[in-house]
Structures are given as structure tokens and as C-alpha cells.
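Asks: Sharing a structure, written as C-alpha cells. Questions coming.
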Amino acid sequence: MIFILQPFVNAGSLPTEWNSRLLLVFIPSSLAVLAILGFHLATLLALFALVFLYLSSRFTGRSRIISLIFSIANIIFFFSRREILQNPWHGFAFIAVFATVSAMIARETFMHRKMNRHLKRTELHYRIIAEHTSDLIAVFNEDDELFYASPNHLTMLGYQPNEHAHEFFAMIHPDDLPFIRNAFTQMDKAEDFRQFEFRIRTLNDSYLLLETHATAIATESGRRHIVTVSRDITKHRATEKEMLTLAFHDPLTQLPNRRRFREHVQETIAQMRSSQTFSALVLIDLDRFKTINDSLGHDFGDMVLRHVSERLRNGVKSKDMVARMGGDEFTVLLTEMNSTLDIDHVCNRILDAIASPLSVNAHVLYLTASLGVALIEKKESDFDTLMKHADIAMYRSKHAGRNIVTVFEETLQDEQSLTLEHELREGLSNGEITVYYQPQIHLSAGTITGVEALVRWQHPTRGLLSPGEFIQLAEECGLIVELGVIVLRMACQEMKLWERQGISYETVWVNLSPRQFQSPDLITSIQDVLRETGLSPTSLGLEITESLAMKNTDLIMNKLRQLRDLGVRIAIDDFGTGYSSLSYLQQFPINVIKVDKSFTRISSDDQNPRFIVTAILALARELNLRVIAEGMEHIEQIHWMRQEGCDYAQGYVVARPMTPEMLTKMHRELCDRARELIH
């Protein structure tokens, strides 16, 4: 944009150059006349004729005509002189000089007019650009005074387009002014460039943030000018700040969120190695908060959470971070404590703050909370372990009667496992196990072809638990077989219900754990479930892990053949993460391999996983196996997998796991989504 202002700065240099060239013509021609005629009155008349001819080139309008008349009059007087009449060749010589000078002046005048017309067109072109561009353009002279500002610049600051912002530097924010003056001072050479941001005051006394590119240019006279091109980034910076706030803060309470809290804890852990003080992570869970939400509504519950967050902020030091993990769970990172007694004192102060009567919309509430504390040791610590320990301690507080503080100890871990095992046994009996479903799409047809059944535990006090929080425990305590049958029955029942509703899925896929697969009653239990629900065996798919397939190939082979004879489809889950012995792919009666998400979650720069996926797809084609790509989160992954010949895909880019009711409700929307993804 800098070039736009160049004509405005240099426009005054052209007439000076033109006059100099005419003088170079006039002076030699005058000397020629003197040489030819000598020093006579006729010579003076001839010189006057040339002078007036030269002046006519300098003037315009009426002055030019008068100059030409005087020039012609001097020529007439010149030829009436006796010495010219006696020497006619002197007259002819002068006429030759005069004609030459006239021709050269006429040519220069023509070129000057042509150049002026071109300059005006160019100036108009650049002025149109300068006046209609969204960028804000200003030009400063060698004294750093503003002498040109584009209309947008003036309008943005509150001026009318025909006004001039004389006090430009007075409008710059006082904190930014020294920097701007210093930047202008340092730009003492042509082509010097600076880029900076500064705040400028408008006529209504608000401040705008400008991103500015400044360039020093020089006129032909050697004077320095500075041209600035600015852009209003006030809204852009506000949006960036808002996005940063959303990324690291909870929108309801404005407290730091889990992501920001994790970073802060990790920083504290790194500093603990050289610290002589104590630090602790405190997990806070409001007691019976679900009752408030259910009875008074979620909006009321949100107001309560905001009040609680304010009490927590006021109950700790300013340097101690309070964060919201989600729901009614909060965390506090206590630092620079002199002893564990200080930590206990702060935690009890938090309990007292929460327990104080809380008045919200004419309701007076008496809240309590259960606190779990994990001390940050100087030895190896990490955020996830600390959160796990604080969680164990917090649930110990729940079971001990609530409204108390429990500090984590190693013995609590075993105690929690026993408690959780007992609760899982009760949950299996009380119908607390539920199944979510994640759709799978056909990458060629763009249709929903199947769903994967994913177990969840609706814990009465801890909420919805993911498999990672209880599956290993179920394996260890022998509940996994019972749990697997419950999930299998629920998945088959739901699949049959969808068939009756006219929702057609080819397969519902159910995961089999290693212990469940090795159960002698596996085939019988599957047959019983299929018979009870009336689901066709061809609509059921069972997933086993690659590592399981390699443990006892004879046993696995026998059961897989029985399942094949039954009509059930078999998939190898997490393919590529196990032993990766390819011989079993030919021997085992499997139909599908599922590519692990560690291979599908790839970037465009990471080529090695791409080669692995390409090799897996080529192998599957040779063995006539279908391939499902797991963990698909971006549409680019879908397009690449489809291009490489993958058959099916599942992941967040298609849909997150959802309840069967939600899947039924969103069926048509999901079908449309599947079509969009492959186009």
C-alpha cells in the first residue's frame, strides 16, 4: 500500500525539472544570437523576443498570450532595423534559432501537458484506492506532522472526511506515545520499515488498537516522509482474548478450567523440587447437589455454583488457583504452605465458607461439601495421579458422612477398590449399567451401516463412569463375564427395536473381554441372547483384541469357528497394536479388522503412520477383509481413508457415543451427515 502515496509526495518535483530543461535551451540560443549579431540594438530586440518566448512557456492563459505578442512585436522591430535589412542572412540565422527554440518549447510544453494528464489520472487512480481501501493511510512530513490522512482514517477517529486530525500525536495513548515517537525518530533513512501496534483515542474518548506498518520514503529533494498503513484490530484482539478465555476458563463461573488447572499444577510440580514449603491439590465435591438441580432447576443450580465459586476464591490466597472441573466439582491448588497443618486449616476454612447459609432467589440453602486432598511430593508426581488420589480421598469423605476432609494415603486406594467392587456388584443388580452407541459410516455409499456398543456405568453418586474407570476392576474381581452378558443383551434388544422402527443397521458391534471370550459358556450365552431377543446372528458383530487372538490360538480358533458357524461376524479390534503376527489373519475366520486410532489420528506431516495404514488396507484387500478406521476426528482423515480404499469409519467427526434414544432421534440427521462427509 505504500506506493499509493508516492505521487502525492513527489508531485511538486516535475515543474522544476521541466523549467531546468527549458533554461538549458534558452541560454545556448541566446549566446548563439549574440555570436551571430554582435552587440547591436537589433541583438537586444532578438534577445527580448527569446525572453518573451521563454516566458510564454512559463505562463498560462492570458499571460502566455501577452508574452507571445511581445515576442512577435520584438521580432517585427528586429526586422525593421537597418543593420538587419543590410545583412539579410543575420535575419535568416535568427529566424532559424527562433524556430528551433520555438519547436523545442512546443515539444516540451506538449510533453509536460501529456505528463500532467498522466499524473492526474495516476493520482486519481491512487486516490480512489486510498480513499476506498479498508486500510487506514496517513503520511507524515519530516517534522513528523500529519499532512495527509485517508477519509477512512478520519472517519474511524470520529472526524468528518473533510476535517484534518491536526493533533494526531495528542490522540495516541500516553503509554504508547514514547514508543511511537522513538520509532519515527529511528526511521531516518528511505525504505526503513517498522511494524507495531498502538492505541489511539477517538473523538468520543474511546481507544482503538491499530496494527501499523510504517515505511520511510524520500522525495527528490531529499526530504524524509513516513507513510503508515494501519488496520483496526480492536475487535480481532477482543475476539482472541475471548477465545483464550473460553479455552482456559469455565464459561459459567469464569474460573480456570481443567486444562488451565492442569498446566498450573504441572508448573507447580516442577518448582516443588527446589521448594521448602508444602503444596496440595484439593478436590471439592458439593454434597447432594443433584437434588438442587432436580428440584429447583438447572438455572438455579448454575446460580448456586457461581456463588460457591466466589466463596472459594475468597477463601484462599490470591496466588492459590481455584478451578472448576465440571458439574459440581471444584479444585484448589494450595501452595507455599508451611506444614500439613496449614493445609488442613485452609481446607476446614473452605468447608466453613461453603456451609454458611446461602440465599438465592428467596431460597436459603445450607450446603456441604466433601474434600479430598493429595499432597504434592518432591519426588515424582504428575497431574493425573494427583487427581486420582484426590478423587479417592474425596469419595472416602463421602462414605464417611460428608462435610469432612480426607487426605490421601496409600491404604485408601485398596479401600476404594473394595468399595467400588461392592458398588459394581450392586450396580449390576440394580440396573445401573447402560450402553451408548457410536455410529459407523460406509465410506463409499455415505450411509450409516453399523454401531458399536460402548458400556457405561450410571453410578448413583459419581455420575456416568466410562469403561476405563471400572472395566479393569470387573476383570480382576470376576464380574466381567456377567457385565459382558448384560451389555450383549442390551445391544441385541436395542438392535431388534431399531429393526421394528424401520431403522436399518447392518451390524451392532459388541466388545468381548479376554476373560469373557475364554469363558466356557460364551457360545451358549450368545445363543441364548439371540434367541431371547429374536435378533439374527448376522446382525451381531463381536470384537476381540489382537493381543487376545495371539494368547491361545487353538482355543481362539475353535471358538471363532463356532461363532462363524452361528453366523456372527468377527472383528479384530485395535489392529496393529498387538503382536502383529500376520499368519492368524489367514487362519482365523474373521470378517473385519479395526485400525487403531493411534494410526488414524495422523497429521499431514506425519508420513510413517500413513504408510502403515496403507499397508494394512492393502493386506485387508488381499485377504478379502473389511476395514473400519477408528478415532476419526477430522474430515480430512475421512477423505484420505476413503481415497486409500478403507471401507468404514467411526469417530467424533461422525458422531460421539450417544444413548439409544438420542441415536433414534438423530437417525435422519446422522444419515445426512454421513452423505456430507464423503462429498
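By order of appearance in the C-alpha cells: chains A, B, ..., then residues from 1 within every chain, and ligands from 1 in the order shown.
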For A:Val405, please output as JSON, numbers by chain all residues within 9 Å (counting only C-alpha atoms; exclusion window: fewer than 6 positions along the same chain).
Replies: {"A": [344, 347, 348, 351, 369, 370, 371, 372, 373, 393, 394, 396, 397]}
Asks: Can you pull out the residues contacting stretch 496-500 of chain A? Cut-off 8 Å, using only C-alpha atoms, and skip same-chain residues under 3 positions away; I want them as a short mmCIF file (atom, residue, chain, number, x, y, z; two decimals) with C-alpha atoms, in the first residue's frame.
Replies:
```cif
data_model
loop_
_atom_site.label_atom_id
_atom_site.label_comp_id
_atom_site.auth_asym_id
_atom_site.auth_seq_id
_atom_site.Cartn_x
_atom_site.Cartn_y
_atom_site.Cartn_z
CA CYS A 492 -29.24 -57.06 20.84
CA GLN A 493 -32.51 -55.78 22.32
CA ILE A 503 -34.08 -48.13 11.23
CA SER A 504 -31.79 -50.49 9.39
CA TYR A 505 -28.25 -51.10 10.63
CA THR A 533 -34.16 -61.05 21.59
CA GLY A 534 -35.00 -62.57 18.22
CA LEU A 535 -32.03 -60.86 16.57
CA THR A 664 -33.04 -42.97 17.28
#
```
Asks: Extract, using only C-alpha atoms, all DNA, RNA and protein residues at most 10 Å from A:Ala390, discarding same-chain residues fewer than 3 positions from it, and format them as a short mmCIF file (atom, residue, chain, number, x, y, z; two decimals) with C-alpha atoms, in the first residue's frame.
Replies:
```
data_model
loop_
_atom_site.label_atom_id
_atom_site.label_comp_id
_atom_site.auth_asym_id
_atom_site.auth_seq_id
_atom_site.Cartn_x
_atom_site.Cartn_y
_atom_site.Cartn_z
CA ALA A 280 -1.53 -29.79 47.84
CA LEU A 281 -4.28 -30.45 45.31
CA VAL A 282 -7.74 -30.25 46.89
CA LEU A 283 -10.78 -31.78 45.15
CA ILE A 284 -14.14 -30.38 46.29
CA THR A 331 -10.32 -27.95 42.68
CA LEU A 371 -12.97 -32.67 50.24
CA GLY A 372 -10.15 -34.93 49.11
CA VAL A 373 -6.54 -33.80 49.45
CA ALA A 374 -3.49 -35.09 47.58
CA LEU A 375 -0.16 -33.79 48.82
CA ASP A 384 -3.37 -37.43 36.63
CA THR A 385 -2.02 -39.33 39.63
CA LEU A 386 -2.72 -36.40 41.95
CA MET A 387 -6.29 -36.11 40.64
CA ALA A 393 -9.77 -39.27 49.22
CA MET A 394 -12.86 -37.27 48.31
CA TYR A 395 -15.02 -40.40 47.96
CA ARG A 396 -13.67 -41.58 51.29
CA THR A 406 -9.70 -36.65 53.87
CA VAL A 407 -6.00 -36.64 52.98
CA PHE A 408 -4.98 -39.40 50.60
CA GLU A 409 -3.00 -42.34 51.93
#
```
Asks: Neighbouring residues of stretch 198-209 of chain A were defined as those with any atom within 10 Å, considering only C-alpha atoms; residues of the same chain fewer than 4 positions away were excluded. Please report them as number ranges by chain.
Replies: A: 154-159, 168-177, 179-180, 230-237
Asks: Keeping N, CA and C atoms, export the residues of the selection given above as an mmCIF file, in the first residue's frame.
Replies:
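Output contents, as saved in selection31.cif:
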```
data_model
loop_
_atom_site.group_PDB
_atom_site.id
_atom_site.type_symbol
_atom_site.label_atom_id
_atom_site.label_comp_id
_atom_site.auth_asym_id
_atom_site.auth_seq_id
_atom_site.Cartn_x
_atom_site.Cartn_y
_atom_site.Cartn_z
ATOM 1 N N LEU A 154 -9.866 9.235 9.067
ATOM 2 C CA LEU A 154 -10.521 10.321 9.791
ATOM 3 C C LEU A 154 -11.882 9.890 10.315
ATOM 4 N N THR A 155 -12.653 9.182 9.481
ATOM 5 C CA THR A 155 -13.982 8.733 9.903
ATOM 6 C C THR A 155 -13.886 7.797 11.096
ATOM 7 N N MET A 156 -12.905 6.901 11.065
ATOM 8 C CA MET A 156 -12.730 5.950 12.158
ATOM 9 C C MET A 156 -12.476 6.667 13.476
ATOM 10 N N LEU A 157 -11.744 7.783 13.415
ATOM 11 C CA LEU A 157 -11.420 8.533 14.625
ATOM 12 C C LEU A 157 -12.540 9.484 15.037
ATOM 13 N N GLY A 158 -13.595 9.576 14.225
ATOM 14 C CA GLY A 158 -14.721 10.424 14.572
ATOM 15 C C GLY A 158 -14.779 11.727 13.830
ATOM 16 N N TYR A 159 -13.792 12.013 12.960
ATOM 17 C CA TYR A 159 -13.783 13.243 12.176
ATOM 18 C C TYR A 159 -14.660 13.083 10.945
ATOM 19 N N PHE A 168 -2.646 14.662 15.960
ATOM 20 C CA PHE A 168 -2.560 13.206 15.858
ATOM 21 C C PHE A 168 -1.833 12.599 17.055
ATOM 22 N N PHE A 169 -0.653 13.112 17.375
ATOM 23 C CA PHE A 169 0.131 12.538 18.461
ATOM 24 C C PHE A 169 -0.522 12.761 19.817
ATOM 25 N N ALA A 170 -1.348 13.793 19.929
ATOM 26 C CA ALA A 170 -2.050 14.025 21.192
ATOM 27 C C ALA A 170 -3.124 12.975 21.422
ATOM 28 N N MET A 171 -3.551 12.284 20.343
ATOM 29 C CA MET A 171 -4.606 11.280 20.476
ATOM 30 C C MET A 171 -4.061 9.894 20.778
ATOM 31 N N ILE A 172 -2.743 9.719 20.680
ATOM 32 C CA ILE A 172 -2.147 8.417 20.976
ATOM 33 C C ILE A 172 -2.151 8.194 22.483
ATOM 34 N N HIS A 173 -2.402 6.962 22.886
ATOM 35 C CA HIS A 173 -2.440 6.633 24.314
ATOM 36 C C HIS A 173 -1.105 7.020 24.962
ATOM 37 N N PRO A 174 -1.150 7.662 26.119
ATOM 38 C CA PRO A 174 0.099 8.134 26.754
ATOM 39 C C PRO A 174 1.136 7.033 26.949
ATOM 40 N N ASP A 175 0.680 5.817 27.221
ATOM 41 C CA ASP A 175 1.639 4.728 27.422
ATOM 42 C C ASP A 175 2.327 4.312 26.126
ATOM 43 N N ASP A 176 1.679 4.565 24.983
ATOM 44 C CA ASP A 176 2.243 4.163 23.693
ATOM 45 C C ASP A 176 3.004 5.280 22.998
ATOM 46 N N LEU A 177 2.778 6.534 23.423
ATOM 47 C CA LEU A 177 3.351 7.676 22.720
ATOM 48 C C LEU A 177 4.879 7.661 22.673
ATOM 49 N N PHE A 179 6.954 5.233 22.631
ATOM 50 C CA PHE A 179 7.398 4.208 21.689
ATOM 51 C C PHE A 179 7.193 4.658 20.243
ATOM 52 N N ILE A 180 6.051 5.280 19.957
ATOM 53 C CA ILE A 180 5.761 5.726 18.589
ATOM 54 C C ILE A 180 6.735 6.816 18.165
ATOM 55 N N SER A 230 -2.473 1.402 8.417
ATOM 56 C CA SER A 230 -2.944 0.833 9.683
ATOM 57 C C SER A 230 -4.240 0.073 9.480
ATOM 58 N N ARG A 231 -4.501 -0.801 10.422
ATOM 59 C CA ARG A 231 -5.732 -1.592 10.404
ATOM 60 C C ARG A 231 -6.267 -1.665 11.828
ATOM 61 N N ASP A 232 -7.562 -1.455 11.963
ATOM 62 C CA ASP A 232 -8.201 -1.520 13.272
ATOM 63 C C ASP A 232 -8.341 -2.989 13.686
ATOM 64 N N ILE A 233 -7.619 -3.388 14.734
ATOM 65 C CA ILE A 233 -7.665 -4.783 15.194
ATOM 66 C C ILE A 233 -8.288 -4.878 16.585
ATOM 67 N N THR A 234 -9.043 -3.853 16.964
ATOM 68 C CA THR A 234 -9.652 -3.846 18.292
ATOM 69 C C THR A 234 -10.557 -5.052 18.491
ATOM 70 N N LYS A 235 -11.457 -5.294 17.537
ATOM 71 C CA LYS A 235 -12.387 -6.424 17.658
ATOM 72 C C LYS A 235 -11.646 -7.746 17.545
ATOM 73 N N HIS A 236 -10.634 -7.771 16.670
ATOM 74 C CA HIS A 236 -9.862 -9.004 16.493
ATOM 75 C C HIS A 236 -9.173 -9.394 17.790
ATOM 76 N N ARG A 237 -8.546 -8.401 18.461
ATOM 77 C CA ARG A 237 -7.871 -8.696 19.717
ATOM 78 C C ARG A 237 -8.883 -9.098 20.801
#
```
Asks: Using only C-alpha atoms, determine which residues lie at most 12 Å from A:Leu473, disregarding the query and same-chain residues fewer than 6 positions distant; provide the list as JSON, numbers by chain.
Replies: {"A": [414, 416, 417, 418, 419, 420, 421, 422, 423, 424, 425, 467, 479, 480, 483]}
Asks: Determine, counting only C-alpha atoms, which protein, DNA and RNA residues have an atom within 8 Å of an atom of stretch 589-591 of chain A; residues of the same chain fewer than 5 positions away are not included. Present the result as a PyMOL selection string.
Replies: chain A and resi 557+560-561+564+569-572+625-626
Asks: Using only C-alpha atoms, can you tell me which of A:Leu286, A:Met272, A:Ile343, A:Val481 comes closest to A:Ile376?
Replies: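 Checking each candidate against A:Ile376, we get A:Met272 as the closest.
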Asks: I'd like the neighbourhood of A:Gln650 as a PyMOL selection string, where a residue qualifies if any of its atoms comes within 10 Å (using only C-alpha atoms), though same-chain residues fewer than 4 positions away should be ignored.
Replies: chain A and resi 438-442+448+450-452+594+597+628-633+638+654-656
Asks: Taking only stretch 268-433 of chain A into account, list the residues labelled strand (DSSP E) by DSSP (computed from the backbone), as a count of residues only.
Replies: 41
